[in-house]
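*Asks:* Enclosed is the structure file input_19.cif (mmCIF, C-alpha atoms).
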data_upload
#
loop_
_atom_site.label_atom_id
_atom_site.label_comp_id
_atom_site.auth_asym_id
_atom_site.auth_seq_id
_atom_site.Cartn_x
_atom_site.Cartn_y
_atom_site.Cartn_z
CA MET U 238 7.87 10.25 -44.64
CA ASP U 239 4.69 8.60 -45.85
CA ASP U 240 4.51 4.93 -46.90
CA ALA U 241 5.13 5.66 -50.59
CA GLU U 242 8.28 7.67 -49.79
CA ILE U 243 9.54 4.99 -47.40
CA LYS U 244 9.05 2.34 -50.10
CA MET U 245 10.80 4.47 -52.73
CA GLN U 246 13.73 5.07 -50.38
CA PHE U 247 13.85 1.34 -49.58
CA LEU U 248 14.04 0.40 -53.28
CA PHE U 249 16.58 3.15 -53.96
CA GLN U 250 18.86 1.70 -51.23
CA LEU U 251 18.57 -1.75 -52.83
CA ARG U 252 19.52 -0.42 -56.28
CA GLN U 253 22.47 1.47 -54.81
CA LYS U 254 23.80 -1.79 -53.35
CA GLY U 255 23.55 -3.59 -56.70
CA VAL U 256 20.09 -5.16 -56.65
CA THR U 257 19.08 -4.34 -60.24
CA ASP U 258 16.94 -7.33 -61.29
CA ALA U 259 13.44 -5.93 -61.92
CA ARG U 260 11.68 -9.13 -60.78
CA VAL U 261 13.61 -9.17 -57.50
CA LEU U 262 12.88 -5.48 -56.85
CA THR U 263 9.18 -6.05 -57.54
CA ALA U 264 9.13 -9.04 -55.16
CA MET U 265 10.81 -6.96 -52.44
CA GLU U 266 8.39 -4.12 -53.02
CA ARG U 267 5.45 -6.52 -52.56
CA VAL U 268 6.73 -8.08 -49.33
CA ASP U 269 6.52 -5.67 -46.41
CA ARG U 270 9.66 -6.15 -44.29
CA GLY U 271 7.81 -4.36 -41.48
CA ALA U 272 5.59 -7.44 -41.04
CA PHE U 273 8.68 -9.49 -40.12
CA VAL U 274 10.28 -7.09 -37.63
CA ARG U 275 8.62 -6.90 -34.23
CA GLY U 276 9.21 -5.14 -30.94
CA HIS U 277 11.38 -2.08 -30.48
CA PHE U 278 13.20 -2.57 -33.81
CA ALA U 279 9.96 -2.22 -35.79
CA ASP U 280 10.67 1.41 -36.68
CA ARG U 281 13.96 0.36 -38.33
CA ALA U 282 12.39 -2.23 -40.62
CA TYR U 283 13.14 -0.24 -43.79
CA GLU U 284 16.77 0.54 -42.99
CA ASP U 285 19.44 -1.48 -44.77
CA MET U 286 20.69 -3.29 -41.69
CA PRO U 287 20.35 -6.72 -40.07
CA LEU U 288 18.09 -6.74 -36.99
CA PRO U 289 17.78 -9.19 -34.09
CA ILE U 290 14.79 -11.54 -33.94
CA SER U 291 13.92 -14.24 -31.40
CA CYS U 292 15.97 -17.42 -30.74
CA GLY U 293 19.21 -15.40 -30.99
CA GLN U 294 18.87 -15.09 -34.77
CA THR U 295 18.75 -12.10 -37.11
CA ILE U 296 16.75 -10.87 -40.09
CA SER U 297 19.30 -10.16 -42.83
CA GLN U 298 19.76 -6.67 -44.20
CA PRO U 299 17.50 -6.10 -47.24
CA SER U 300 20.37 -5.53 -49.68
CA VAL U 301 21.87 -8.95 -48.81
CA VAL U 302 18.44 -10.59 -49.21
CA GLY U 303 18.15 -8.85 -52.59
CA LEU U 304 21.65 -9.81 -53.77
CA MET U 305 21.21 -13.45 -52.68
CA THR U 306 17.81 -13.64 -54.39
CA GLN U 307 19.25 -12.04 -57.54
CA ALA U 308 22.15 -14.53 -57.58
CA LEU U 309 19.72 -17.43 -57.21
CA ASP U 310 17.96 -16.41 -60.46
CA VAL U 311 14.63 -18.03 -59.51
CA GLN U 312 12.30 -18.87 -62.39
CA PRO U 313 8.48 -19.02 -62.17
CA ARG U 314 8.30 -22.84 -62.35
CA ASP U 315 11.11 -23.46 -59.85
CA THR U 316 10.90 -25.34 -56.58
CA VAL U 317 13.19 -23.69 -54.03
CA LEU U 318 14.62 -25.02 -50.77
CA GLU U 319 15.64 -22.47 -48.14
CA ILE U 320 17.80 -23.54 -45.20
CA GLY U 321 17.22 -21.19 -42.25
CA THR U 322 13.71 -19.74 -42.15
CA GLY U 323 14.55 -17.13 -39.52
CA SER U 324 11.92 -14.38 -39.62
CA GLY U 325 10.46 -15.78 -42.85
CA TYR U 326 11.27 -12.62 -44.81
CA GLN U 327 13.59 -14.28 -47.33
CA ALA U 328 11.11 -17.12 -47.96
CA ALA U 329 8.32 -14.57 -48.51
CA VAL U 330 10.44 -12.79 -51.15
CA LEU U 331 11.24 -16.14 -52.83
CA SER U 332 7.52 -17.03 -52.82
CA GLN U 333 6.87 -14.12 -55.21
CA LEU U 334 9.29 -15.60 -57.76
CA ALA U 335 9.00 -19.40 -57.47
CA ARG U 336 6.28 -22.00 -57.91
CA ARG U 337 6.92 -23.47 -54.45
CA VAL U 338 9.25 -22.71 -51.53
CA TYR U 339 10.22 -25.23 -48.86
CA THR U 340 11.84 -23.56 -45.86
CA ILE U 341 13.35 -25.38 -42.90
CA ASP U 342 14.69 -24.12 -39.55
CA ARG U 343 15.97 -25.81 -36.40
CA HIS U 344 14.07 -23.38 -34.13
CA ARG U 345 10.44 -24.44 -33.69
CA GLY U 346 9.56 -21.00 -32.31
CA LEU U 347 10.69 -19.37 -35.56
CA THR U 348 8.95 -21.85 -37.88
CA ARG U 349 5.66 -21.53 -35.96
CA ALA U 350 5.78 -17.72 -36.06
CA ALA U 351 6.70 -17.73 -39.78
CA GLU U 352 3.83 -20.10 -40.59
CA VAL U 353 1.31 -17.82 -38.83
CA LEU U 354 2.70 -14.82 -40.69
CA PHE U 355 2.61 -16.52 -44.12
CA THR U 356 -1.03 -17.47 -43.54
CA ARG U 357 -1.87 -13.90 -42.53
CA LEU U 358 -0.12 -12.55 -45.65
CA GLY U 359 -1.85 -15.09 -47.92
CA LEU U 360 1.42 -16.73 -49.04
CA THR U 361 0.11 -20.19 -49.90
CA ASN U 362 3.09 -21.57 -51.83
CA ILE U 363 5.46 -21.82 -48.84
CA VAL U 364 5.89 -25.06 -46.87
CA VAL U 365 7.50 -24.52 -43.44
CA LEU U 366 9.30 -27.35 -41.64
CA THR U 367 11.20 -27.70 -38.37
CA GLY U 368 14.33 -29.81 -38.69
CA ASP U 369 18.05 -30.08 -39.34
CA GLY U 370 18.60 -28.05 -42.50
CA SER U 371 22.14 -29.34 -43.01
CA PHE U 372 20.62 -32.55 -44.41
CA GLY U 373 18.23 -30.67 -46.68
CA LEU U 374 14.93 -32.29 -47.62
CA PRO U 375 15.75 -35.36 -49.73
CA GLU U 376 12.13 -36.58 -49.90
CA GLN U 377 11.10 -33.37 -51.71
CA GLY U 378 14.22 -33.01 -53.85
CA PRO U 379 15.87 -32.52 -56.17
CA PHE U 380 15.45 -28.75 -56.18
CA ASP U 381 15.87 -26.15 -58.91
CA ARG U 382 17.28 -23.66 -56.41
CA ILE U 383 18.70 -23.91 -52.88
CA LEU U 384 19.38 -20.91 -50.64
CA VAL U 385 21.32 -21.28 -47.39
CA THR U 386 21.07 -18.40 -44.90
CA ALA U 387 23.66 -19.75 -42.45
CA ALA U 388 27.40 -20.17 -43.00
CA ALA U 389 29.08 -23.55 -43.54
CA GLU U 390 32.82 -24.23 -43.86
CA ASP U 391 32.03 -25.90 -47.19
CA PRO U 392 28.82 -26.18 -49.21
CA PRO U 393 27.08 -29.12 -47.44
CA GLY U 394 27.29 -32.40 -49.41
CA PRO U 395 23.65 -33.43 -48.82
CA LEU U 396 22.48 -30.09 -50.23
CA LEU U 397 24.73 -30.35 -53.28
CA ARG U 398 23.27 -33.81 -53.96
CA GLN U 399 19.71 -32.39 -53.80
CA LEU U 400 20.43 -29.80 -56.51
CA LYS U 401 19.10 -30.58 -59.99
CA VAL U 402 21.47 -30.53 -62.96
CA GLY U 403 21.32 -26.91 -64.12
CA GLY U 404 20.26 -25.91 -60.60
CA VAL U 405 21.78 -23.12 -58.51
CA MET U 406 22.66 -22.94 -54.83
CA VAL U 407 23.68 -19.74 -53.04
CA VAL U 408 25.47 -20.30 -49.72
CA PRO U 409 27.76 -18.32 -47.37
CA VAL U 410 31.01 -20.24 -46.90
CA GLY U 411 33.75 -19.67 -44.32
CA GLN U 412 34.70 -19.84 -40.66
CA SER U 413 31.75 -18.78 -38.53
CA ASP U 414 33.64 -16.06 -36.60
CA ALA U 415 35.34 -14.52 -39.65
CA VAL U 416 34.01 -12.82 -42.75
CA GLN U 417 32.46 -15.38 -45.06
CA MET U 418 32.14 -15.40 -48.81
CA LEU U 419 28.80 -15.77 -50.56
CA ILE U 420 29.20 -18.53 -53.15
CA ARG U 421 27.02 -19.36 -56.14
CA VAL U 422 27.16 -23.07 -57.01
CA THR U 423 25.82 -24.27 -60.36
CA ARG U 424 25.40 -27.99 -60.97
CA SER U 425 26.40 -29.22 -64.43
CA GLU U 426 26.32 -32.69 -66.00
CA THR U 427 29.92 -33.20 -64.92
CA GLY U 428 30.10 -31.54 -61.50
CA PHE U 429 29.79 -28.19 -59.77
CA ASP U 430 30.94 -24.72 -60.78
CA TYR U 431 31.70 -22.24 -57.98
CA GLN U 432 31.56 -18.46 -58.24
CA GLU U 433 32.50 -16.05 -55.43
CA LEU U 434 30.00 -13.19 -55.10
CA LEU U 435 30.62 -10.94 -52.08
CA PRO U 436 31.79 -10.99 -48.45
CA VAL U 437 28.98 -11.50 -45.92
CA ARG U 438 28.43 -12.38 -42.26
CA PHE U 439 25.88 -15.02 -41.26
CA VAL U 440 25.26 -17.12 -38.19
CA PRO U 441 26.87 -20.59 -38.48
CA LEU U 442 24.92 -23.55 -39.88
CA VAL U 443 24.29 -25.74 -36.83
CA GLU U 444 23.33 -29.41 -36.99
CA GLY U 445 20.39 -30.80 -35.05
CA VAL U 446 17.09 -29.30 -33.92
CA ALA U 447 17.12 -26.60 -31.21
CA GLU U 448 15.54 -27.25 -27.82
CA ASP U 449 13.33 -24.15 -27.82
#
Would you put the structure from the file into structure tokens?

*Replies:*
Amino acid sequence: MDDAEIKMQFLFQLRQKGVTDARVLTAMERVDRGAFVRGHFADRAYEDMPLPISCGQTISQPSVVGLMTQALDVQPRDTVLEIGTGSGYQAAVLSQLARRVYTIDRHRGLTRAAEVLFTRLGLTNIVVLTGDGSFGLPEQGPFDRILVTAAAEDPPGPLLRQLKVGGVMVVPVGQSDAVQMLIRVTRSETGFDYQELLPVRFVPLVEGVAED
């Protein structure tokens, strides 16, 4: 298959799994997942499956990235906080939709690699930080949108507090070794509304900064 056919097949897979938002599909068409998958998994970059990356982490399967991005409903003027940079793929997709993306990861090796990649791809509206994502980024908050790419037993309190009124957070919730549920949290004047989206599996949200 040539590149055009691979891209068409990739987008077809996303639509089949329920990613129907035209802006999200365009963003995912623009961001080459192949740039974020290295080593002997590179030839599987366009398959709808999670793949291992360094530091014992994974790059999520494209359909889950698409569904999470769709649920987040990012608007062009939004400032987004992502917890769990990983390969940087999700942040790159968000960068096509938002005004600014802050992404934080506890693995310095991952944040350094992501930063190099974003520079190479000309993605200038992403700020990459190394730190404990469970506390969010209070000095830059509140945020219009928050995306968590690691599972917590409950939506973390510090992150809920950093969400603007009218803001949306998408987070996998559940025991780390069982199937988790992707939750969409919307902050209102009076509290938080929770909506269950779909079952997922993510690595657990771990406090502290890794030693790597």

*Asks:* I'd like to see the residues matched by the PyMOL selection byres ((chain U and resi 331-337) around 8) on this file, and ideally I'd get them as a list in words.

*Replies:* Arg260, Val261, Ala264, Thr306, Val311, Gln312, Pro313, Arg314, Asp315, Thr316, Val317, Gln327, Ala328, Ala329, Val330, Val338, Tyr339, Leu360, Asn362, Ile363 and Val364 of chain U

*Asks:* Of the candidates U:Val268, U:Tyr283, U:Phe380, U:Pro409, which shows the shortest atom-to-atom distance to Met245 of chain U, using all atoms listed in the file?

*Replies:* U:Tyr283

*Asks:* Go through U:Phe355, U:Phe429, U:Phe372, U:Tyr326 and flag the residue nearest Arg343 of chain U, using all atoms listed in the file for the distances.

*Replies:*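 Using all atoms listed in the file, Arg343 of chain U sits closest to U:Phe372.
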
*Asks:* Go through U:Asp381, U:Asp269, U:Glu376, U:Glu284 one by one, measure the shortest atom-to-atom distance of each to Glu319 of chain U using all atoms listed in the file, and give the residue with the smallest value.

*Replies:*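 For Glu319 of chain U, the nearest of the given residues is U:Asp381.
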
*Asks:* Can you tell me how far atom CA of Ser425 of chain U sits from atom CA of Gly403 of chain U, in Å to one decimal?

*Replies:*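 Separation between atom CA of Ser425 of chain U and atom CA of Gly403 of chain U: 5.6 Å.
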
*Asks:* Take atom CA of Thr348 of chain U and atom CA of Lys254 of chain U and report the distance between them in Å, one decimal.

*Replies:* 29.4 Å

*Asks:* Taking (8.6, 0.2, -42.4) in the file's own coordinates, collect the residues within 12 Å, counting all atoms listed in the file, and hand them back as a compact mmCIF listing (two decimals) with C-alpha atoms, in the frame of the given file.

*Replies:*
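This is the output file out-v3.txt:
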# COMPACT_ATOMS: atom_id res chain seq x y z
CA MET U 238 7.87 10.25 -44.64
CA ASP U 239 4.69 8.60 -45.85
CA ASP U 240 4.51 4.93 -46.90
CA ALA U 241 5.13 5.66 -50.59
CA GLU U 242 8.28 7.67 -49.79
CA ILE U 243 9.54 4.99 -47.40
CA LYS U 244 9.05 2.34 -50.10
CA MET U 245 10.80 4.47 -52.73
CA GLN U 246 13.73 5.07 -50.38
CA PHE U 247 13.85 1.34 -49.58
CA GLU U 266 8.39 -4.12 -53.02
CA VAL U 268 6.73 -8.08 -49.33
CA ASP U 269 6.52 -5.67 -46.41
CA ARG U 270 9.66 -6.15 -44.29
CA GLY U 271 7.81 -4.36 -41.48
CA ALA U 272 5.59 -7.44 -41.04
CA PHE U 273 8.68 -9.49 -40.12
CA VAL U 274 10.28 -7.09 -37.63
CA ARG U 275 8.62 -6.90 -34.23
CA PHE U 278 13.20 -2.57 -33.81
CA ALA U 279 9.96 -2.22 -35.79
CA ASP U 280 10.67 1.41 -36.68
CA ARG U 281 13.96 0.36 -38.33
CA ALA U 282 12.39 -2.23 -40.62
CA TYR U 283 13.14 -0.24 -43.79
CA GLU U 284 16.77 0.54 -42.99
CA ASP U 285 19.44 -1.48 -44.77
CA PRO U 299 17.50 -6.10 -47.24

*Asks:* For the file shown, report as number ranges by chain the outcome of the PyMOL selection byres ((chain U and resi 256) around 12) at residue level.

*Replies:* U: 247-255, 257-265, 299-308

*Asks:* Please produce a file of those selected residues containing C-alpha atoms, as a PDB file, in the frame of the given file.

*Replies:*
ATOM      1  CA  PHE U 247      13.850   1.340 -49.580  1.00  0.00           C
ATOM      2  CA  LEU U 248      14.040   0.400 -53.280  1.00  0.00           C
ATOM      3  CA  PHE U 249      16.580   3.150 -53.960  1.00  0.00           C
ATOM      4  CA  GLN U 250      18.860   1.700 -51.230  1.00  0.00           C
ATOM      5  CA  LEU U 251      18.570  -1.750 -52.830  1.00  0.00           C
ATOM      6  CA  ARG U 252      19.520  -0.420 -56.280  1.00  0.00           C
ATOM      7  CA  GLN U 253      22.470   1.470 -54.810  1.00  0.00           C
ATOM      8  CA  LYS U 254      23.800  -1.790 -53.350  1.00  0.00           C
ATOM      9  CA  GLY U 255      23.550  -3.590 -56.700  1.00  0.00           C
ATOM     10  CA  THR U 257      19.080  -4.340 -60.240  1.00  0.00           C
ATOM     11  CA  ASP U 258      16.940  -7.330 -61.290  1.00  0.00           C
ATOM     12  CA  ALA U 259      13.440  -5.930 -61.920  1.00  0.00           C
ATOM     13  CA  ARG U 260      11.680  -9.130 -60.780  1.00  0.00           C
ATOM     14  CA  VAL U 261      13.610  -9.170 -57.500  1.00  0.00           C
ATOM     15  CA  LEU U 262      12.880  -5.480 -56.850  1.00  0.00           C
ATOM     16  CA  THR U 263       9.180  -6.050 -57.540  1.00  0.00           C
ATOM     17  CA  ALA U 264       9.130  -9.040 -55.160  1.00  0.00           C
ATOM     18  CA  MET U 265      10.810  -6.960 -52.440  1.00  0.00           C
ATOM     19  CA  PRO U 299      17.500  -6.100 -47.240  1.00  0.00           C
ATOM     20  CA  SER U 300      20.370  -5.530 -49.680  1.00  0.00           C
ATOM     21  CA  VAL U 301      21.870  -8.950 -48.810  1.00  0.00           C
ATOM     22  CA  VAL U 302      18.440 -10.590 -49.210  1.00  0.00           C
ATOM     23  CA  GLY U 303      18.150  -8.850 -52.590  1.00  0.00           C
ATOM     24  CA  LEU U 304      21.650  -9.810 -53.770  1.00  0.00           C
ATOM     25  CA  MET U 305      21.210 -13.450 -52.680  1.00  0.00           C
ATOM     26  CA  THR U 306      17.810 -13.640 -54.390  1.00  0.00           C
ATOM     27  CA  GLN U 307      19.250 -12.040 -57.540  1.00  0.00           C
ATOM     28  CA  ALA U 308      22.150 -14.530 -57.580  1.00  0.00           C
TER      29      ALA U 308
END
